[in-house]
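For reference, run-v5.cif is printed below; it contains mmCIF, C-alpha atoms.
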```cif
data_target
loop_
_atom_site.label_atom_id
_atom_site.label_comp_id
_atom_site.auth_asym_id
_atom_site.auth_seq_id
_atom_site.Cartn_x
_atom_site.Cartn_y
_atom_site.Cartn_z
CA MET A 1213 -18.25 -17.07 6.82
CA GLY A 1214 -22.02 -16.58 6.55
CA ILE A 1215 -24.06 -17.74 3.59
CA PHE A 1216 -24.57 -14.16 2.38
CA ASN A 1217 -20.86 -13.62 1.99
CA TYR A 1218 -20.80 -16.50 -0.42
CA PHE A 1219 -22.88 -14.54 -2.91
CA ARG A 1220 -21.15 -11.25 -2.41
CA LYS A 1221 -18.14 -11.56 -4.63
CA GLU A 1222 -15.17 -9.62 -3.37
CA VAL A 1223 -13.55 -7.36 -5.92
CA PRO A 1224 -9.80 -7.73 -5.56
CA VAL A 1225 -7.86 -4.50 -5.19
CA LYS A 1226 -5.02 -4.33 -7.66
CA THR A 1227 -2.24 -2.97 -5.49
CA ALA A 1228 0.65 -4.14 -7.68
CA SER A 1229 0.18 -1.23 -10.09
CA THR A 1230 0.28 1.22 -7.17
CA ALA A 1231 3.53 -0.38 -6.02
CA ARG A 1232 4.97 -0.11 -9.50
CA ASP A 1233 4.04 3.56 -9.88
CA ARG A 1234 5.41 4.51 -6.48
CA LEU A 1235 8.64 2.63 -7.13
CA GLN A 1236 9.15 4.26 -10.51
CA VAL A 1237 8.96 7.71 -8.92
CA ILE A 1238 11.19 7.03 -5.92
CA VAL A 1239 13.80 5.07 -7.86
CA ALA A 1240 14.07 7.77 -10.55
CA HIS A 1241 14.39 10.42 -7.85
CA GLU A 1242 17.10 8.51 -5.98
CA ARG A 1243 19.01 7.79 -9.17
CA SER A 1244 19.11 11.46 -10.09
CA GLN A 1245 20.52 12.23 -6.64
CA ARG A 1246 23.15 9.51 -7.05
CA ARG A 1247 24.69 11.19 -10.05
CA GLN A 1248 24.93 14.63 -8.52
CA PRO A 1249 28.22 15.95 -7.12
CA ASP A 1250 28.71 15.86 -3.32
CA TYR A 1251 28.56 19.64 -2.93
CA LEU A 1252 25.16 19.94 -4.62
CA PRO A 1253 22.87 19.29 -1.61
CA ARG A 1254 24.74 21.89 0.46
CA MET A 1255 24.67 24.34 -2.41
CA GLN A 1256 20.94 23.76 -2.88
CA GLN A 1257 20.43 24.39 0.80
CA GLU A 1258 22.47 27.58 0.78
CA ILE A 1259 20.74 29.00 -2.27
CA LEU A 1260 17.44 28.20 -0.62
CA GLU A 1261 18.53 30.05 2.52
CA VAL A 1262 19.49 33.15 0.55
CA ILE A 1263 16.24 33.27 -1.37
CA ARG A 1264 14.19 32.49 1.72
CA ASN A 1265 15.83 35.41 3.52
CA THR A 1266 15.22 37.83 0.71
CA SER A 1267 11.75 36.91 -0.49
CA THR A 1268 8.29 36.06 0.78
CA LEU A 1269 7.49 33.37 -1.75
CA ASN A 1270 5.44 30.35 -0.80
CA ARG A 1271 8.01 27.78 0.27
CA ILE A 1272 6.51 24.64 -1.26
CA LYS A 1273 5.91 26.12 -4.69
CA PHE A 1274 9.31 27.54 -4.58
CA LEU A 1275 11.00 24.21 -3.76
CA CYS A 1276 9.55 22.56 -6.85
CA ARG A 1277 10.77 25.28 -9.15
CA LEU A 1278 14.16 25.31 -7.59
CA THR A 1279 14.65 21.60 -8.24
CA ILE A 1280 14.10 22.16 -11.92
CA GLN A 1281 16.55 25.03 -11.89
CA MET A 1282 19.13 22.87 -10.13
CA ILE A 1283 18.94 20.31 -12.90
CA ALA A 1284 19.45 23.11 -15.41
CA LEU A 1285 22.43 24.22 -13.37
CA CYS A 1286 23.86 20.71 -13.52
CA LEU A 1287 23.55 20.57 -17.27
CA ASN A 1288 25.33 23.88 -17.71
CA MET B 11 41.31 -17.85 -13.54
CA ALA B 12 38.31 -17.74 -11.28
CA LYS B 13 35.26 -15.61 -11.73
CA ILE B 14 34.19 -13.73 -8.60
CA ILE B 15 30.41 -13.46 -8.24
CA VAL B 16 28.79 -11.50 -5.41
CA VAL B 17 25.27 -12.38 -4.30
CA THR B 18 23.83 -9.20 -2.87
CA SER B 19 20.52 -7.39 -2.31
CA GLY B 20 20.64 -4.49 0.11
CA LYS B 21 17.58 -5.74 1.95
CA GLY B 22 17.82 -8.64 4.37
CA GLY B 23 15.80 -11.83 4.29
CA VAL B 24 15.24 -11.92 0.53
CA GLY B 25 17.21 -15.12 -0.04
CA LYS B 26 20.87 -14.19 -0.51
CA THR B 27 22.28 -17.13 1.43
CA THR B 28 19.74 -19.59 0.01
CA SER B 29 20.66 -18.39 -3.48
CA SER B 30 24.42 -18.44 -2.83
CA ALA B 31 24.16 -22.01 -1.56
CA ALA B 32 21.97 -23.11 -4.46
CA ILE B 33 23.98 -21.45 -7.22
CA GLY B 34 27.34 -22.48 -5.78
CA THR B 35 26.14 -26.07 -5.50
CA GLY B 36 24.72 -25.97 -9.03
CA LEU B 37 28.02 -24.76 -10.46
CA ALA B 38 29.99 -27.46 -8.64
CA GLN B 39 27.50 -30.11 -9.78
CA ARG B 40 28.35 -29.13 -13.34
CA GLY B 41 32.03 -29.76 -12.73
CA HIS B 42 33.24 -26.24 -11.90
CA LYS B 43 35.40 -26.00 -8.80
CA THR B 44 33.49 -23.57 -6.61
CA ILE B 45 33.88 -21.95 -3.20
CA ILE B 46 31.13 -20.05 -1.41
CA ILE B 47 32.41 -17.43 1.03
CA ASP B 48 30.20 -16.11 3.84
CA PHE B 49 30.93 -12.37 4.23
CA ASP B 50 28.36 -11.88 6.99
CA VAL B 51 30.79 -11.45 9.87
CA GLY B 52 29.02 -11.82 13.20
CA LEU B 53 25.94 -13.42 11.67
CA ARG B 54 27.27 -16.62 10.12
CA ASN B 55 24.52 -18.66 8.46
CA LEU B 56 25.81 -20.12 5.22
CA ASP B 57 27.20 -23.08 7.20
CA LEU B 58 23.68 -23.92 8.45
CA ILE B 59 22.12 -23.65 5.00
CA MET B 60 24.89 -25.86 3.57
CA GLY B 61 24.60 -28.31 6.47
CA CYS B 62 28.25 -28.07 7.54
CA GLU B 63 27.86 -26.10 10.79
CA ARG B 64 29.37 -28.86 12.91
CA ARG B 65 32.49 -29.01 10.79
CA VAL B 66 33.50 -25.35 11.24
CA VAL B 67 36.88 -25.13 12.96
CA TYR B 68 38.49 -22.05 11.48
CA ASP B 69 36.83 -19.18 9.63
CA PHE B 70 37.44 -16.37 7.16
CA VAL B 71 38.77 -13.96 9.82
CA ASN B 72 41.18 -16.60 11.17
CA VAL B 73 42.64 -16.83 7.67
CA LEU B 74 42.88 -13.03 7.35
CA ASN B 75 44.69 -12.84 10.69
CA GLY B 76 47.08 -15.63 9.77
CA GLU B 77 45.76 -17.89 12.54
CA ALA B 78 44.85 -20.60 10.04
CA SER B 79 45.65 -21.44 6.46
CA LEU B 80 43.01 -21.36 3.74
CA THR B 81 43.11 -25.14 3.40
CA GLN B 82 42.44 -25.48 7.13
CA ALA B 83 39.47 -23.12 7.04
CA MET B 84 37.81 -24.35 3.84
CA ILE B 85 35.15 -27.00 4.35
CA LYS B 86 34.78 -29.54 1.59
CA ASP B 87 31.18 -30.45 0.85
CA LYS B 88 30.34 -34.09 1.52
CA ARG B 89 27.75 -34.39 -1.24
CA ILE B 90 29.28 -32.58 -4.17
CA ASP B 91 32.84 -32.95 -5.33
CA LYS B 92 34.56 -29.64 -6.14
CA LEU B 93 32.37 -27.66 -3.72
CA PHE B 94 33.82 -25.77 -0.76
CA VAL B 95 32.56 -23.36 1.90
CA LEU B 96 34.50 -20.68 3.74
CA PRO B 97 32.49 -19.77 6.85
CA ALA B 98 32.24 -16.28 8.31
CA SER B 99 33.58 -15.46 11.73
CA GLN B 100 31.21 -14.97 14.65
CA THR B 101 33.32 -12.12 16.04
CA ARG B 102 31.59 -8.90 17.01
CA ASP B 103 34.51 -6.86 15.75
CA LYS B 104 33.06 -5.14 12.72
CA ASP B 105 36.49 -4.18 11.43
CA ALA B 106 37.59 -7.80 11.20
CA LEU B 107 37.56 -7.69 7.40
CA THR B 108 40.15 -5.49 5.75
CA GLN B 109 40.34 -4.71 2.07
CA GLU B 110 43.94 -5.94 1.75
CA GLY B 111 43.16 -9.10 3.70
CA VAL B 112 40.17 -9.92 1.52
CA GLN B 113 42.22 -9.25 -1.60
CA THR B 114 45.01 -11.61 -0.47
CA VAL B 115 42.56 -14.43 0.23
CA LEU B 116 40.67 -13.91 -3.04
CA ASN B 117 43.92 -13.87 -5.02
CA GLU B 118 44.97 -17.15 -3.46
CA LEU B 119 41.56 -18.68 -4.19
CA LYS B 120 41.58 -17.41 -7.77
CA GLU B 121 44.49 -19.72 -8.56
CA ASN B 122 42.59 -22.85 -7.56
CA PHE B 123 38.92 -22.24 -8.30
CA ASP B 124 36.64 -21.64 -11.27
CA PHE B 125 34.01 -19.73 -9.31
CA ILE B 126 34.17 -17.74 -6.09
CA ILE B 127 30.70 -16.92 -4.75
CA CYS B 128 30.64 -14.10 -2.19
CA ASP B 129 27.54 -14.25 0.00
CA SER B 130 27.04 -10.62 1.03
CA PRO B 131 25.54 -9.45 4.31
CA ALA B 132 22.43 -7.25 4.15
CA GLY B 133 22.74 -3.47 4.20
CA ILE B 134 25.10 -1.12 2.39
CA GLU B 135 27.74 -0.89 5.12
CA LYS B 136 31.34 -2.01 5.06
CA GLY B 137 30.64 -5.76 5.05
CA ALA B 138 28.39 -5.53 2.00
CA GLN B 139 30.83 -3.20 0.23
CA MET B 140 33.71 -5.58 0.96
CA ALA B 141 31.75 -8.51 -0.49
CA LEU B 142 31.09 -6.71 -3.78
CA TYR B 143 34.37 -4.78 -4.14
CA TYR B 144 36.33 -7.40 -6.11
CA ALA B 145 33.36 -8.85 -7.99
CA ASP B 146 33.36 -9.56 -11.71
CA GLU B 147 29.65 -10.27 -11.71
CA ALA B 148 26.80 -9.52 -9.32
CA ILE B 149 23.60 -11.42 -8.68
CA VAL B 150 21.09 -9.00 -7.20
CA VAL B 151 18.50 -10.98 -5.26
CA THR B 152 15.14 -9.20 -5.17
CA ASN B 153 11.65 -10.00 -3.89
CA PRO B 154 8.67 -8.61 -5.82
CA GLU B 155 7.99 -6.10 -3.07
CA VAL B 156 8.59 -2.33 -2.84
CA SER B 157 11.30 -2.16 -0.17
CA SER B 158 13.34 -4.95 -1.71
CA VAL B 159 13.22 -3.41 -5.20
CA ARG B 160 14.24 0.00 -3.89
CA ASP B 161 17.15 -1.46 -1.90
CA SER B 162 18.28 -3.47 -4.91
CA ASP B 163 18.46 -0.25 -6.89
CA ARG B 164 20.62 1.28 -4.16
CA ILE B 165 23.00 -1.65 -4.19
CA LEU B 166 23.21 -1.36 -8.00
CA GLY B 167 24.28 2.25 -7.49
CA ILE B 168 27.05 1.07 -5.16
CA LEU B 169 28.18 -1.60 -7.63
CA GLN B 170 28.40 1.08 -10.29
CA SER B 171 30.41 3.50 -8.15
CA LYS B 172 32.26 1.71 -5.35
CA SER B 173 33.45 -1.59 -6.81
CA LEU B 174 37.05 -2.07 -7.91
CA ARG B 175 35.95 -2.19 -11.53
CA ALA B 176 34.08 1.11 -11.17
CA GLU B 177 36.94 2.80 -9.31
CA THR B 178 39.60 1.75 -11.80
CA GLY B 179 37.40 2.47 -14.81
CA GLY B 180 37.46 -1.13 -15.95
CA GLU B 181 34.65 -3.03 -17.59
CA PRO B 182 31.59 -2.61 -15.34
CA VAL B 183 30.48 -5.42 -13.02
CA LYS B 184 28.08 -7.66 -14.94
CA GLU B 185 24.71 -7.43 -13.22
CA HIS B 186 22.05 -10.14 -12.99
CA LEU B 187 18.57 -9.94 -11.51
CA LEU B 188 17.38 -12.94 -9.50
CA LEU B 189 13.74 -12.58 -8.52
CA THR B 190 12.90 -14.82 -5.57
CA ARG B 191 9.69 -15.68 -3.70
CA TYR B 192 7.67 -15.15 -6.85
CA ASN B 193 4.02 -16.08 -6.65
CA PRO B 194 2.29 -16.18 -10.07
CA VAL B 195 -1.16 -16.56 -8.48
CA ARG B 196 -0.78 -13.26 -6.63
CA VAL B 197 0.74 -11.60 -9.71
CA ASP B 198 -2.31 -12.71 -11.71
CA ALA B 199 -4.59 -11.24 -9.04
CA GLY B 200 -2.75 -7.92 -9.30
CA GLU B 201 -1.44 -8.20 -5.78
CA MET B 202 2.23 -8.65 -6.56
CA LEU B 203 4.73 -6.90 -8.83
CA SER B 204 5.31 -8.95 -11.97
CA VAL B 205 8.67 -10.00 -13.42
CA SER B 206 8.37 -7.34 -16.11
CA ASP B 207 7.51 -4.64 -13.52
CA VAL B 208 10.71 -5.37 -11.59
CA GLU B 209 12.76 -5.72 -14.79
CA ASP B 210 11.47 -2.34 -16.00
CA ILE B 211 12.31 -0.57 -12.77
CA LEU B 212 15.76 -2.04 -12.16
CA ALA B 213 16.69 -2.27 -15.85
CA ILE B 214 19.17 -5.14 -15.53
CA PRO B 215 19.12 -8.51 -17.30
CA LEU B 216 17.11 -11.30 -15.69
CA LEU B 217 18.98 -14.40 -14.50
CA GLY B 218 16.14 -16.30 -12.94
CA VAL B 219 12.77 -16.31 -11.25
CA ILE B 220 12.44 -18.56 -8.20
CA PRO B 221 8.84 -19.36 -7.28
CA GLU B 222 7.81 -19.13 -3.65
CA SER B 223 8.09 -22.68 -2.44
CA GLU B 224 7.70 -24.73 0.70
CA ALA B 225 10.76 -26.64 -0.39
CA VAL B 226 13.04 -23.71 0.51
CA LEU B 227 12.19 -23.90 4.21
CA LYS B 228 12.30 -27.69 4.14
CA ALA B 229 15.75 -27.58 2.56
CA SER B 230 17.10 -25.06 5.06
CA ASN B 231 15.67 -27.10 7.95
CA GLN B 232 17.77 -30.02 6.77
CA GLY B 233 20.88 -28.11 5.70
CA VAL B 234 20.53 -29.18 2.08
CA PRO B 235 20.84 -26.56 -0.69
CA VAL B 236 17.39 -26.39 -2.31
CA ILE B 237 18.87 -26.95 -5.78
CA LEU B 238 19.46 -30.59 -4.78
CA ASP B 239 15.69 -31.06 -4.39
CA GLU B 240 14.89 -31.89 -7.98
CA GLN B 241 11.20 -32.37 -7.28
CA ALA B 242 10.82 -28.80 -6.03
CA LEU B 243 9.98 -26.01 -8.46
CA ALA B 244 12.43 -23.73 -6.63
CA GLY B 245 15.21 -26.28 -7.11
CA GLN B 246 14.43 -26.55 -10.82
CA ALA B 247 14.30 -22.77 -11.16
CA TYR B 248 17.74 -22.46 -9.54
CA ASN B 249 19.07 -25.06 -11.97
CA ASP B 250 17.77 -22.94 -14.86
CA ALA B 251 19.44 -19.87 -13.36
CA VAL B 252 22.78 -21.69 -13.09
CA GLU B 253 22.54 -22.69 -16.76
CA ARG B 254 21.89 -19.06 -17.70
CA LEU B 255 24.82 -17.93 -15.56
CA LEU B 256 27.00 -20.27 -17.63
CA GLY B 257 25.74 -18.59 -20.78
CA ASN B 258 23.15 -21.15 -21.86
CA GLU B 259 19.73 -20.06 -23.01
CA VAL B 260 16.95 -21.63 -20.98
CA GLU B 261 13.28 -20.88 -21.31
CA TYR B 262 11.60 -19.37 -18.25
CA ARG B 263 9.30 -21.64 -16.29
CA PHE B 264 6.91 -21.15 -13.38
CA LEU B 265 5.94 -17.61 -14.40
CA GLU B 266 2.34 -18.51 -15.16
CA VAL B 267 -0.35 -19.92 -12.93
CA GLU B 268 -0.40 -23.66 -13.34
CA LYS B 269 -3.65 -24.80 -14.93
CA LYS B 270 -5.23 -27.58 -12.93
CA GLY B 271 -6.41 -30.53 -14.94
CA PHE B 272 -9.87 -32.04 -14.42
CA LEU B 273 -8.61 -35.00 -12.38
CA LYS B 274 -6.34 -32.86 -10.24
CA ARG B 275 -9.24 -30.54 -9.49
CA LEU B 276 -11.51 -33.42 -8.67
CA LEU B 277 -8.98 -35.04 -6.37
CA GLY B 278 -7.90 -31.73 -4.88
CA GLY B 279 -4.21 -32.19 -5.58
CA LYS B 280 -1.84 -29.26 -5.25
#
```
Just give me the structure as C-alpha cells.
Amino acid sequence: MGIFNYFRKEVPVKTASTARDRLQVIVAHERSQRRQPDYLPRMQQEILEVIRNTSTLNRIKFLCRLTIQMIALCLN
Amino acid sequence: MAKIIVVTSGKGGVGKTTSSAAIGTGLAQRGHKTIIIDFDVGLRNLDLIMGCERRVVYDFVNVLNGEASLTQAMIKDKRIDKLFVLPASQTRDKDALTQEGVQTVLNELKENFDFIICDSPAGIEKGAQMALYYADEAIVVTNPEVSSVRDSDRILGILQSKSLRAETGGEPVKEHLLLTRYNPVRVDAGEMLSVSDVEDILAIPLLGVIPESEAVLKASNQGVPVILDEQALAGQAYNDAVERLLGNEVEYRFLEVEKKGFLKRLLGGK
C-alpha cells in the first residue's frame, strides 16, 4: 500500500441493504407460488399460448398483466 | 415422551451438524437424556464432530434393516452422561431410509429419551424430508447470506406442507431460527445482513445468534462439540440457545461490535 492510499479513505459500499431488498422480492415471489394449486402453472402457460396465438401484444408487458390477473383468478 | 427436533437448513455448509452436536450436548449437560441422529446417509459426519468416529460399529441403516439392535448401534458419549449418537450409514443406496423404518426407530427412542435431535442432510430431497417428517420442532440454521436465507425459506415451506403434522392437520411444527456465522463488525459496516433483516424476511422466532468464531473449527478439528468450549463466544451463544429452547428467557449477546478498552487497544489484544 502506497502512502497516498493512506490518505484516500475508502467509502465502504453497503451491500447488505441490496441483499435484503433482493431477498424480500424473491422470497415473496416464491411464497406466492408455493400456495398456488399444482395445475396453475400449466393453466397459466395454456392461457398464455391461446392469447399469444390470437394477438400481437408485446410479450413482456403482457406477462406482467397476466400475473396480476392470475392472482385475481385465484381469489375468485 | 420425547420431543423430536430437526436441525435443518436447505443449504449445505451453514452449520447443521455443528449446531446439532452443540445443542444435543447442551441438552444432555442439563440432565435431559438426548440422542442425536445423523440422517445424512452416505455422508456421515456427526461422528467426527462428536469425536466418536472410531467407535462406530453399527449405524442407523443397520437398525432399520434389523441387522443390529438400537442399543448396539447407539454410541454413548464419553464426556456427557445421558448423551447418545446414532451414526448415519455410509451406504450409497439412497433408498436406505424408509418412512416406516424411521418411524419404528423413532417410536422406540421416544420411550427412552427426552430429546431426539435429527441432524438433516442438506437439500430438499428425500433424506432431508425424512429427517423433518416426524419433527415436533425445527431449528432452521441460516447464515446471514442471500442463498442461505432463500433456502431456509424453502425448507420452511416444506415443513409447513410435507411434515406429518402438516399432513395430518395437527399443530404446526414449532419453528426456530438459528443464525450462525454472524459477524457484527461486517453488519456494522453494512456488508452483512443483520439479525433483524433475516428475522423480517423469514418471519420465524429467533432461537439464537452464533458469532463467527475460530473456536468452531478448533472444536471440529478435535471432535469436541463447540458448546463445551466455555471460553469461546460461539460456545456461550449455543448455551444461550439451549436455554431458550428449554423455554428460558436469555438476553442476546454478541450482536454488537465489542468496544475495545484503552489498554486492550494499546496492547493490541483481540
What residues in chain B lie within 8 Å of chain A, counting only C-alpha atoms, written as a ChimeraX atom specification?
-> /B:155-156,159-160,163,167,197,199-204,207,211
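With distances restricted to all atoms listed in the file, B:Ser99 is the closest residue to Tyr68 in chain B from B:Ser99, B:Asn258, B:Gln39, B:Thr152.
Relative to CA of Leu217 in chain B, CA of Val150 in chain B is found at 9.3 Å.
Here CA of Arg263 in chain B is placed at a distance of 14.3 Å from CA of Glu240 in chain B.
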If you take every atom of range 126-130 of chain B that the file lists and fit an axis-aligned box around them with 3 Å extra on each side, what centre and edge lengths come out in Å to one decimal, as AutoDock Vina command-line options?
```
--center_x 30.6 --center_y -14.2 --center_z -2.5 --size_x 13.1 --size_y 13.1 --size_z 13.1
```
Tell me which residues come within 9 Å of (43.9, -13.5, 5.1), as a PDB file with C-alpha atoms, keeping the file's coordinate frame, counting only C-alpha atoms in the file's coordinates.
```
ATOM      1  CA  PHE B  70      37.440 -16.370   7.160  1.00  0.00           C
ATOM      2  CA  VAL B  71      38.770 -13.960   9.820  1.00  0.00           C
ATOM      3  CA  ASN B  72      41.180 -16.600  11.170  1.00  0.00           C
ATOM      4  CA  VAL B  73      42.640 -16.830   7.670  1.00  0.00           C
ATOM      5  CA  LEU B  74      42.880 -13.030   7.350  1.00  0.00           C
ATOM      6  CA  ASN B  75      44.690 -12.840  10.690  1.00  0.00           C
ATOM      7  CA  GLY B  76      47.080 -15.630   9.770  1.00  0.00           C
ATOM      8  CA  GLU B  77      45.760 -17.890  12.540  1.00  0.00           C
ATOM      9  CA  ALA B  78      44.850 -20.600  10.040  1.00  0.00           C
ATOM     10  CA  SER B  79      45.650 -21.440   6.460  1.00  0.00           C
ATOM     11  CA  LEU B  80      43.010 -21.360   3.740  1.00  0.00           C
ATOM     12  CA  LEU B 107      37.560  -7.690   7.400  1.00  0.00           C
ATOM     13  CA  THR B 108      40.150  -5.490   5.750  1.00  0.00           C
ATOM     14  CA  GLU B 110      43.940  -5.940   1.750  1.00  0.00           C
ATOM     15  CA  GLY B 111      43.160  -9.100   3.700  1.00  0.00           C
ATOM     16  CA  VAL B 112      40.170  -9.920   1.520  1.00  0.00           C
ATOM     17  CA  GLN B 113      42.220  -9.250  -1.600  1.00  0.00           C
ATOM     18  CA  THR B 114      45.010 -11.610  -0.470  1.00  0.00           C
ATOM     19  CA  VAL B 115      42.560 -14.430   0.230  1.00  0.00           C
ATOM     20  CA  LEU B 116      40.670 -13.910  -3.040  1.00  0.00           C
TER      21      LEU B 116
END
```
Apply the PyMOL selection byres ((chain B and resi 12-25) around 8) to the structure shown and report the selected residues as a PyMOL selection string.
-> chain B and resi 11+26-30+119-134+138+141-142+144-153+157-158+161-162+164-165+190-191
Could you check how far CA of Phe264 in chain B sits from CA of Gly61 in chain B, in Å to one decimal?
-> 27.5 Å
Would you mind listing what lies within 8 Å of Ala32 in chain B as a ChimeraX atom specification, with only C-alpha atoms counted and same-chain residues fewer than 2 positions away left out?
-> /B:28-30,34-36,235-238,245,248
Any idea what's packed within 12 Å of Asp57 in chain B, counting all atoms listed in the file, ignoring anything in its chain fewer than 6 positions away? Could you give it as number ranges by chain?
-> B: 27-28, 30-31, 46-50, 63-67, 69, 84-87, 94-100, 129, 230, 232-235
What does range 1233-1247 of chain A look like written to a file with N, CA, C and O atoms, as an mmCIF file, in the first residue's frame?
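Saved file selection01.cif follows:
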```cif
data_model
loop_
_atom_site.group_PDB
_atom_site.id
_atom_site.type_symbol
_atom_site.label_atom_id
_atom_site.label_comp_id
_atom_site.auth_asym_id
_atom_site.auth_seq_id
_atom_site.Cartn_x
_atom_site.Cartn_y
_atom_site.Cartn_z
ATOM 1 N N ASP A 1233 -33.095 -6.273 0.035
ATOM 2 C CA ASP A 1233 -34.139 -5.936 -0.937
ATOM 3 C C ASP A 1233 -34.355 -7.071 -1.934
ATOM 4 O O ASP A 1233 -35.494 -7.422 -2.247
ATOM 5 N N ARG A 1234 -33.261 -7.624 -2.426
ATOM 6 C CA ARG A 1234 -33.390 -8.712 -3.403
ATOM 7 C C ARG A 1234 -34.079 -9.922 -2.779
ATOM 8 O O ARG A 1234 -34.928 -10.557 -3.394
ATOM 9 N N LEU A 1235 -33.690 -10.219 -1.537
ATOM 10 C CA LEU A 1235 -34.293 -11.371 -0.861
ATOM 11 C C LEU A 1235 -35.785 -11.186 -0.635
ATOM 12 O O LEU A 1235 -36.569 -12.113 -0.810
ATOM 13 N N GLN A 1236 -36.161 -9.965 -0.234
ATOM 14 C CA GLN A 1236 -37.576 -9.713 0.034
ATOM 15 C C GLN A 1236 -38.421 -9.999 -1.207
ATOM 16 O O GLN A 1236 -39.473 -10.614 -1.118
ATOM 17 N N VAL A 1237 -37.910 -9.583 -2.374
ATOM 18 C CA VAL A 1237 -38.649 -9.781 -3.620
ATOM 19 C C VAL A 1237 -38.736 -11.271 -3.965
ATOM 20 O O VAL A 1237 -39.819 -11.812 -4.167
ATOM 21 N N ILE A 1238 -37.595 -11.953 -3.948
ATOM 22 C CA ILE A 1238 -37.588 -13.345 -4.406
ATOM 23 C C ILE A 1238 -38.347 -14.261 -3.439
ATOM 24 O O ILE A 1238 -39.085 -15.153 -3.856
ATOM 25 N N VAL A 1239 -38.199 -13.981 -2.139
ATOM 26 C CA VAL A 1239 -38.889 -14.826 -1.157
ATOM 27 C C VAL A 1239 -40.410 -14.637 -1.258
ATOM 28 O O VAL A 1239 -41.168 -15.602 -1.233
ATOM 29 N N ALA A 1240 -40.839 -13.389 -1.425
ATOM 30 C CA ALA A 1240 -42.284 -13.140 -1.560
ATOM 31 C C ALA A 1240 -42.818 -13.826 -2.810
ATOM 32 O O ALA A 1240 -43.887 -14.449 -2.787
ATOM 33 N N HIS A 1241 -42.056 -13.753 -3.895
ATOM 34 C CA HIS A 1241 -42.468 -14.371 -5.147
ATOM 35 C C HIS A 1241 -42.585 -15.884 -4.989
ATOM 36 O O HIS A 1241 -43.580 -16.499 -5.378
ATOM 37 N N GLU A 1242 -41.570 -16.488 -4.359
ATOM 38 C CA GLU A 1242 -41.574 -17.949 -4.203
ATOM 39 C C GLU A 1242 -42.656 -18.421 -3.239
ATOM 40 O O GLU A 1242 -43.214 -19.499 -3.402
ATOM 41 N N ARG A 1243 -42.955 -17.588 -2.244
ATOM 42 C CA ARG A 1243 -44.026 -17.964 -1.315
ATOM 43 C C ARG A 1243 -45.377 -17.957 -2.013
ATOM 44 O O ARG A 1243 -46.223 -18.811 -1.752
ATOM 45 N N SER A 1244 -45.576 -16.984 -2.888
ATOM 46 C CA SER A 1244 -46.876 -16.910 -3.567
ATOM 47 C C SER A 1244 -47.053 -18.114 -4.485
ATOM 48 O O SER A 1244 -48.146 -18.619 -4.660
ATOM 49 N N GLN A 1245 -45.935 -18.582 -5.056
ATOM 50 C CA GLN A 1245 -46.014 -19.772 -5.915
ATOM 51 C C GLN A 1245 -46.317 -21.020 -5.107
ATOM 52 O O GLN A 1245 -46.945 -21.944 -5.580
ATOM 53 N N ARG A 1246 -45.797 -21.034 -3.858
ATOM 54 C CA ARG A 1246 -45.941 -22.210 -3.005
ATOM 55 C C ARG A 1246 -47.407 -22.495 -2.695
ATOM 56 O O ARG A 1246 -47.814 -23.625 -2.564
ATOM 57 N N ARG A 1247 -48.173 -21.426 -2.555
ATOM 58 C CA ARG A 1247 -49.565 -21.597 -2.153
ATOM 59 C C ARG A 1247 -50.486 -21.946 -3.309
ATOM 60 O O ARG A 1247 -51.625 -22.315 -3.098
#
```
